[in-house]
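Source file: work_15.txt (compact mmCIF, N, CA and C atoms)
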```txt
# COMPACT_ATOMS: atom_id res chain seq x y z
N MET A 1 33.68 3.24 8.34
CA MET A 1 32.59 2.65 9.08
C MET A 1 31.93 3.72 9.94
N PRO A 2 30.62 3.89 9.83
CA PRO A 2 29.93 4.88 10.67
C PRO A 2 30.05 4.51 12.15
N GLU A 3 30.25 5.50 12.98
CA GLU A 3 30.34 5.30 14.42
C GLU A 3 29.01 5.68 15.08
N LEU A 4 28.90 5.44 16.37
CA LEU A 4 27.64 5.65 17.08
C LEU A 4 27.05 7.05 16.92
N PRO A 5 27.85 8.12 17.01
CA PRO A 5 27.24 9.45 16.84
C PRO A 5 26.61 9.64 15.46
N GLU A 6 27.26 9.11 14.42
CA GLU A 6 26.70 9.24 13.07
C GLU A 6 25.41 8.45 12.92
N ILE A 7 25.38 7.27 13.51
CA ILE A 7 24.16 6.44 13.46
C ILE A 7 23.02 7.15 14.19
N PHE A 8 23.30 7.70 15.37
CA PHE A 8 22.28 8.45 16.11
C PHE A 8 21.79 9.64 15.29
N ASN A 9 22.72 10.41 14.72
CA ASN A 9 22.32 11.58 13.92
C ASN A 9 21.49 11.17 12.71
N LEU A 10 21.85 10.06 12.07
CA LEU A 10 21.07 9.59 10.92
C LEU A 10 19.66 9.18 11.34
N SER A 11 19.52 8.54 12.49
CA SER A 11 18.17 8.17 12.94
C SER A 11 17.33 9.42 13.21
N GLN A 12 17.95 10.47 13.72
CA GLN A 12 17.23 11.72 13.96
C GLN A 12 16.87 12.39 12.64
N GLN A 13 17.74 12.30 11.65
CA GLN A 13 17.42 12.83 10.32
C GLN A 13 16.25 12.06 9.70
N PHE A 14 16.20 10.74 9.91
CA PHE A 14 15.06 9.96 9.44
C PHE A 14 13.77 10.52 10.05
N ASN A 15 13.81 10.82 11.35
CA ASN A 15 12.61 11.36 12.01
C ASN A 15 12.20 12.70 11.41
N THR A 16 13.17 13.52 11.07
CA THR A 16 12.88 14.83 10.51
C THR A 16 12.41 14.75 9.06
N CYS A 17 13.09 13.92 8.25
CA CYS A 17 12.86 13.93 6.81
C CYS A 17 11.93 12.84 6.29
N LEU A 18 11.81 11.73 6.99
CA LEU A 18 11.06 10.59 6.45
C LEU A 18 9.76 10.27 7.18
N GLN A 19 9.67 10.64 8.43
CA GLN A 19 8.49 10.27 9.21
C GLN A 19 7.22 10.80 8.56
N GLY A 20 6.24 9.90 8.39
CA GLY A 20 4.96 10.27 7.78
C GLY A 20 4.90 10.01 6.29
N LYS A 21 6.01 9.68 5.65
CA LYS A 21 6.01 9.41 4.21
C LYS A 21 5.55 7.98 3.96
N LYS A 22 4.84 7.79 2.87
CA LYS A 22 4.35 6.47 2.48
C LYS A 22 5.23 5.90 1.37
N ILE A 23 5.66 4.65 1.53
CA ILE A 23 6.50 3.97 0.53
C ILE A 23 5.60 3.46 -0.58
N ILE A 24 5.84 3.91 -1.82
CA ILE A 24 4.98 3.50 -2.93
C ILE A 24 5.69 2.61 -3.96
N GLU A 25 7.02 2.53 -3.87
CA GLU A 25 7.76 1.67 -4.80
C GLU A 25 9.07 1.25 -4.15
N VAL A 26 9.50 0.03 -4.48
CA VAL A 26 10.75 -0.51 -3.95
C VAL A 26 11.53 -1.09 -5.11
N GLU A 27 12.82 -0.73 -5.19
CA GLU A 27 13.72 -1.33 -6.18
C GLU A 27 14.90 -1.93 -5.44
N VAL A 28 15.08 -3.23 -5.59
CA VAL A 28 16.21 -3.93 -4.98
C VAL A 28 17.20 -4.27 -6.08
N ARG A 29 18.39 -3.69 -6.00
CA ARG A 29 19.44 -3.97 -6.99
C ARG A 29 20.46 -4.95 -6.45
N GLN A 30 20.57 -5.07 -5.15
CA GLN A 30 21.55 -5.96 -4.53
C GLN A 30 20.81 -6.81 -3.49
N GLU A 31 20.43 -8.01 -3.89
CA GLU A 31 19.64 -8.88 -3.02
C GLU A 31 20.37 -9.22 -1.72
N LYS A 32 21.70 -9.20 -1.74
CA LYS A 32 22.48 -9.55 -0.55
C LYS A 32 22.31 -8.53 0.58
N CYS A 33 21.78 -7.35 0.28
CA CYS A 33 21.59 -6.35 1.33
C CYS A 33 20.36 -6.64 2.18
N LEU A 34 19.57 -7.65 1.80
CA LEU A 34 18.35 -8.01 2.53
C LEU A 34 18.55 -9.31 3.29
N ASN A 35 17.73 -9.50 4.32
CA ASN A 35 17.77 -10.77 5.04
C ASN A 35 16.56 -11.65 4.73
N LEU A 36 15.86 -11.33 3.65
CA LEU A 36 14.75 -12.14 3.16
C LEU A 36 14.64 -11.93 1.65
N PRO A 37 13.91 -12.78 0.96
CA PRO A 37 13.80 -12.63 -0.50
C PRO A 37 13.22 -11.25 -0.88
N PRO A 38 13.68 -10.68 -1.99
CA PRO A 38 13.20 -9.35 -2.41
C PRO A 38 11.68 -9.26 -2.52
N ALA A 39 11.02 -10.28 -3.02
CA ALA A 39 9.56 -10.24 -3.15
C ALA A 39 8.90 -10.12 -1.78
N ASP A 40 9.42 -10.85 -0.79
CA ASP A 40 8.87 -10.76 0.57
C ASP A 40 9.14 -9.39 1.18
N PHE A 41 10.34 -8.85 0.93
CA PHE A 41 10.67 -7.52 1.43
C PHE A 41 9.72 -6.47 0.86
N LYS A 42 9.46 -6.57 -0.43
CA LYS A 42 8.56 -5.60 -1.07
C LYS A 42 7.16 -5.67 -0.47
N VAL A 43 6.66 -6.87 -0.24
CA VAL A 43 5.34 -7.02 0.38
C VAL A 43 5.34 -6.39 1.77
N LEU A 44 6.44 -6.57 2.50
CA LEU A 44 6.53 -6.05 3.86
C LEU A 44 6.54 -4.53 3.92
N VAL A 45 7.19 -3.86 2.95
CA VAL A 45 7.36 -2.40 3.06
C VAL A 45 6.43 -1.57 2.18
N LEU A 46 5.93 -2.14 1.08
CA LEU A 46 5.07 -1.35 0.19
C LEU A 46 3.81 -0.85 0.90
N ASN A 47 3.49 0.40 0.64
CA ASN A 47 2.31 1.07 1.19
C ASN A 47 2.34 1.23 2.70
N ARG A 48 3.52 1.13 3.28
CA ARG A 48 3.69 1.40 4.71
C ARG A 48 4.08 2.85 4.89
N VAL A 49 3.73 3.40 6.03
CA VAL A 49 4.08 4.77 6.38
C VAL A 49 5.24 4.71 7.37
N ILE A 50 6.25 5.53 7.12
CA ILE A 50 7.42 5.59 7.98
C ILE A 50 7.04 6.23 9.31
N GLY A 51 7.37 5.53 10.38
CA GLY A 51 7.13 6.04 11.73
C GLY A 51 8.44 6.52 12.35
N ALA A 52 8.52 6.44 13.66
CA ALA A 52 9.69 6.92 14.39
C ALA A 52 10.90 6.01 14.17
N SER A 53 12.08 6.63 14.17
CA SER A 53 13.35 5.91 14.05
C SER A 53 14.17 6.11 15.31
N THR A 54 14.87 5.05 15.72
CA THR A 54 15.76 5.12 16.87
C THR A 54 17.07 4.41 16.52
N ALA A 55 18.11 4.80 17.21
CA ALA A 55 19.41 4.14 17.05
C ALA A 55 19.64 3.24 18.25
N LYS A 56 20.06 2.01 17.96
CA LYS A 56 20.43 1.05 19.00
C LYS A 56 21.73 0.41 18.56
N GLY A 57 22.83 0.79 19.24
CA GLY A 57 24.14 0.33 18.80
C GLY A 57 24.42 0.91 17.42
N LYS A 58 24.81 0.06 16.49
CA LYS A 58 25.10 0.52 15.13
C LYS A 58 23.95 0.22 14.18
N TRP A 59 22.75 0.04 14.73
CA TRP A 59 21.55 -0.23 13.94
C TRP A 59 20.58 0.93 14.05
N ILE A 60 19.83 1.16 12.97
CA ILE A 60 18.71 2.10 12.98
C ILE A 60 17.44 1.27 12.86
N PHE A 61 16.54 1.45 13.82
CA PHE A 61 15.24 0.79 13.82
C PHE A 61 14.20 1.82 13.40
N THR A 62 13.52 1.56 12.28
CA THR A 62 12.51 2.47 11.77
C THR A 62 11.16 1.75 11.75
N LYS A 63 10.20 2.32 12.43
CA LYS A 63 8.85 1.75 12.49
C LYS A 63 8.17 1.91 11.13
N LEU A 64 7.59 0.84 10.64
CA LEU A 64 6.76 0.86 9.44
C LEU A 64 5.34 0.62 9.92
N GLU A 65 4.55 1.68 9.91
CA GLU A 65 3.19 1.60 10.46
C GLU A 65 2.33 0.66 9.63
N PRO A 66 1.54 -0.20 10.27
CA PRO A 66 1.27 -0.23 11.70
C PRO A 66 2.09 -1.25 12.49
N ASP A 67 2.70 -2.28 11.85
CA ASP A 67 3.19 -3.40 12.66
C ASP A 67 4.49 -4.04 12.18
N ALA A 68 5.40 -3.26 11.64
CA ALA A 68 6.68 -3.81 11.18
C ALA A 68 7.80 -2.81 11.47
N TYR A 69 9.03 -3.29 11.36
CA TYR A 69 10.20 -2.44 11.53
C TYR A 69 11.17 -2.70 10.38
N LEU A 70 11.83 -1.65 9.94
CA LEU A 70 12.93 -1.74 8.99
C LEU A 70 14.20 -1.53 9.81
N LEU A 71 15.10 -2.51 9.80
CA LEU A 71 16.37 -2.41 10.51
C LEU A 71 17.47 -2.17 9.50
N LEU A 72 18.30 -1.20 9.79
CA LEU A 72 19.33 -0.78 8.85
C LEU A 72 20.68 -0.74 9.55
N SER A 73 21.66 -1.44 8.96
CA SER A 73 23.05 -1.37 9.39
C SER A 73 23.87 -0.92 8.19
N LEU A 74 24.65 0.12 8.36
CA LEU A 74 25.42 0.66 7.24
C LEU A 74 26.73 -0.08 7.00
N GLY A 75 27.09 -0.99 7.88
CA GLY A 75 28.26 -1.82 7.66
C GLY A 75 29.54 -1.02 7.49
N MET A 76 30.36 -1.47 6.55
CA MET A 76 31.69 -0.86 6.36
C MET A 76 31.67 0.39 5.48
N GLY A 77 30.72 0.50 4.57
CA GLY A 77 30.80 1.64 3.66
C GLY A 77 29.47 2.09 3.13
N GLY A 78 28.40 1.75 3.80
CA GLY A 78 27.08 2.13 3.32
C GLY A 78 26.73 3.56 3.67
N GLU A 79 25.78 4.10 2.96
CA GLU A 79 25.27 5.43 3.24
C GLU A 79 23.82 5.51 2.77
N VAL A 80 23.12 6.46 3.31
CA VAL A 80 21.73 6.70 2.94
C VAL A 80 21.66 8.10 2.36
N ARG A 81 20.98 8.23 1.23
CA ARG A 81 20.82 9.54 0.59
C ARG A 81 19.35 9.78 0.31
N LEU A 82 18.92 11.01 0.50
CA LEU A 82 17.56 11.42 0.16
C LEU A 82 17.65 12.31 -1.07
N HIS A 83 16.95 11.91 -2.13
CA HIS A 83 16.98 12.64 -3.39
C HIS A 83 15.60 13.16 -3.73
N ALA A 84 15.54 14.30 -4.37
CA ALA A 84 14.29 14.78 -4.93
C ALA A 84 13.99 13.99 -6.19
N ASP A 85 12.77 14.06 -6.66
CA ASP A 85 12.29 13.24 -7.77
C ASP A 85 13.13 13.37 -9.03
N GLN A 86 13.61 14.54 -9.37
CA GLN A 86 14.32 14.75 -10.63
C GLN A 86 15.84 14.67 -10.51
N GLU A 87 16.38 14.44 -9.33
CA GLU A 87 17.83 14.40 -9.15
C GLU A 87 18.44 13.14 -9.74
N GLN A 88 19.66 13.27 -10.25
CA GLN A 88 20.40 12.15 -10.80
C GLN A 88 20.86 11.22 -9.68
N LEU A 89 20.64 9.92 -9.84
CA LEU A 89 21.10 8.94 -8.87
C LEU A 89 22.53 8.52 -9.18
N PRO A 90 23.28 8.10 -8.16
CA PRO A 90 24.60 7.52 -8.43
C PRO A 90 24.45 6.24 -9.26
N ASP A 91 25.52 5.84 -9.91
CA ASP A 91 25.47 4.63 -10.73
C ASP A 91 25.25 3.37 -9.90
N LYS A 92 25.83 3.33 -8.70
CA LYS A 92 25.73 2.14 -7.86
C LYS A 92 24.87 2.43 -6.64
N TYR A 93 23.86 1.60 -6.45
CA TYR A 93 23.10 1.62 -5.21
C TYR A 93 22.46 0.26 -5.01
N GLN A 94 22.12 -0.04 -3.76
CA GLN A 94 21.61 -1.36 -3.43
C GLN A 94 20.09 -1.41 -3.38
N LEU A 95 19.49 -0.36 -2.86
CA LEU A 95 18.06 -0.36 -2.60
C LEU A 95 17.52 1.05 -2.77
N LYS A 96 16.36 1.17 -3.38
CA LYS A 96 15.72 2.48 -3.53
C LYS A 96 14.27 2.36 -3.09
N LEU A 97 13.85 3.31 -2.27
CA LEU A 97 12.46 3.41 -1.85
C LEU A 97 11.89 4.71 -2.41
N ASP A 98 10.77 4.62 -3.12
CA ASP A 98 10.08 5.81 -3.60
C ASP A 98 8.95 6.14 -2.64
N PHE A 99 8.77 7.45 -2.40
CA PHE A 99 7.73 7.91 -1.49
C PHE A 99 6.64 8.64 -2.25
N ASP A 100 5.51 8.78 -1.60
CA ASP A 100 4.35 9.40 -2.23
C ASP A 100 4.54 10.88 -2.52
N ASP A 101 5.60 11.50 -1.98
CA ASP A 101 5.83 12.92 -2.24
C ASP A 101 6.93 13.17 -3.28
N GLY A 102 7.46 12.11 -3.89
CA GLY A 102 8.47 12.27 -4.94
C GLY A 102 9.91 12.24 -4.48
N ALA A 103 10.16 12.26 -3.17
CA ALA A 103 11.54 12.14 -2.68
C ALA A 103 11.82 10.68 -2.41
N TYR A 104 13.07 10.29 -2.56
CA TYR A 104 13.40 8.91 -2.25
C TYR A 104 14.81 8.79 -1.71
N PRO A 105 14.96 7.98 -0.65
CA PRO A 105 16.31 7.68 -0.18
C PRO A 105 16.80 6.46 -0.93
N GLN A 106 18.09 6.33 -1.01
CA GLN A 106 18.65 5.16 -1.66
C GLN A 106 19.87 4.76 -0.86
N LEU A 107 20.04 3.47 -0.68
CA LEU A 107 21.19 2.95 0.03
C LEU A 107 22.26 2.63 -0.99
N SER A 108 23.44 3.16 -0.79
CA SER A 108 24.49 2.94 -1.77
C SER A 108 25.75 2.44 -1.11
N GLN A 109 26.59 1.84 -1.91
CA GLN A 109 27.86 1.34 -1.47
C GLN A 109 28.94 2.25 -2.02
N LYS A 110 29.83 2.72 -1.20
CA LYS A 110 30.92 3.56 -1.69
C LYS A 110 31.86 2.72 -2.54
N GLY A 111 32.42 3.36 -3.59
CA GLY A 111 33.44 2.68 -4.39
C GLY A 111 32.93 2.03 -5.56
```
Would it be possible to restate this file's structure as structure tokens?
Amino acid sequence: MPELPEIFNLSQQFNTCLQGKKIIEVEVRQEKCLNLPPADFKVLVLNRVIGASTAKGKWIFTKLEPDAYLLLSLGMGGEVRLHADQEQLPDKYQLKLDFDDGAYPQLSQKG
């Protein structure tokens, strides 16, 4: 389970690596990782630009410009990975966001 320092460091990495990127595609492989239907989630995040990220407790709050937030909790075994366009993805992942520059993070479950 990620602890507070790791969550804080991850939010700072989001600011360094993701801020200013536009989400152009969303793939949901595990609907249970969302708190709303996948179609609604896609409408909420598609074509949004990633803004500032902050850590609050064990949550990462990421601004989706202009008027939404993406809240992320890594739970017991989650992780976030940023891949270049041609890199091989792991076999198991829950959610993938594609960005306008070809890099994409993906949320995966260990094991």
Between CA of Phe99 (chain A) and CA of Lys21 (chain A) lies a distance of 6.1 Å
What is the atom N of Asp100 (chain A) to atom N of Gly78 (chain A) distance in Å?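 Computing the Euclidean distance for atom N of Asp100 (chain A) and atom N of Gly78 (chain A) yields 24.5 Å.
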Tell me, as an MDAnalysis selection string, which residues lie within 7 Å of Phe61 (chain A), counting all atoms listed in the file; anything in the same chain fewer than 5 positions away does not count. chainID A and resid 11 52:56 69:72
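Note that atom N of Trp59 (chain A) and atom N of Gly75 (chain A) are 8.2 Å apart.
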Let me make sure I understand: among A:Val80, A:Val26, A:Leu74, A:Leu97, which one has the smallest atom-to-atom distance to Lys58 (chain A) if we use only N, CA and C atoms?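 Counting only N, CA and C atoms, the residue closest to Lys58 (chain A) is A:Leu74.
Residues of chain A carrying a DSSP assignment of helix (DSSP H, G or I), computed from the backbone, are Leu4, Pro5, Glu6, Ile7, Phe8, Asn9, Leu10, Ser11, Gln12, Gln13, Phe14, Asn15, Thr16, Cys17, Glu31, Lys32, Cys33, Pro38, Ala39, Asp40, Phe41, Lys42, Val43, Leu44 and Val45 of chain A.
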Any idea what's packed within 9 Å of Val28 (chain A), counting only C-alpha atoms, ignoring anything in its chain fewer than 5 positions away? Could you give it as a PDB file with N, CA and C atoms, in the frame of the given file?
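out-v8.pdb written:
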```pdb
ATOM      1  N   CYS A  33      21.780  -7.350   0.280  1.00  0.00           N
ATOM      2  CA  CYS A  33      21.590  -6.350   1.330  1.00  0.00           C
ATOM      3  C   CYS A  33      20.360  -6.640   2.180  1.00  0.00           C
ATOM      4  N   LEU A  34      19.570  -7.650   1.800  1.00  0.00           N
ATOM      5  CA  LEU A  34      18.350  -8.010   2.530  1.00  0.00           C
ATOM      6  C   LEU A  34      18.550  -9.310   3.290  1.00  0.00           C
ATOM      7  N   PRO A  38      13.680 -10.680  -1.990  1.00  0.00           N
ATOM      8  CA  PRO A  38      13.200  -9.350  -2.410  1.00  0.00           C
ATOM      9  C   PRO A  38      11.680  -9.260  -2.520  1.00  0.00           C
ATOM     10  N   LYS A  42       9.460  -6.570  -0.430  1.00  0.00           N
ATOM     11  CA  LYS A  42       8.560  -5.600  -1.070  1.00  0.00           C
ATOM     12  C   LYS A  42       7.160  -5.670  -0.470  1.00  0.00           C
ATOM     13  N   TYR A  93      23.860   1.600  -6.450  1.00  0.00           N
ATOM     14  CA  TYR A  93      23.100   1.620  -5.210  1.00  0.00           C
ATOM     15  C   TYR A  93      22.460   0.260  -5.010  1.00  0.00           C
ATOM     16  N   GLN A  94      22.120  -0.040  -3.760  1.00  0.00           N
ATOM     17  CA  GLN A  94      21.610  -1.360  -3.430  1.00  0.00           C
ATOM     18  C   GLN A  94      20.090  -1.410  -3.380  1.00  0.00           C
ATOM     19  N   LEU A  95      19.490  -0.360  -2.860  1.00  0.00           N
ATOM     20  CA  LEU A  95      18.060  -0.360  -2.600  1.00  0.00           C
ATOM     21  C   LEU A  95      17.520   1.050  -2.770  1.00  0.00           C
ATOM     22  N   LYS A  96      16.360   1.170  -3.380  1.00  0.00           N
ATOM     23  CA  LYS A  96      15.720   2.480  -3.530  1.00  0.00           C
ATOM     24  C   LYS A  96      14.270   2.360  -3.090  1.00  0.00           C
ATOM     25  N   LEU A  97      13.850   3.310  -2.270  1.00  0.00           N
ATOM     26  CA  LEU A  97      12.460   3.410  -1.850  1.00  0.00           C
ATOM     27  C   LEU A  97      11.890   4.710  -2.410  1.00  0.00           C
TER      28      LEU A  97
END
```
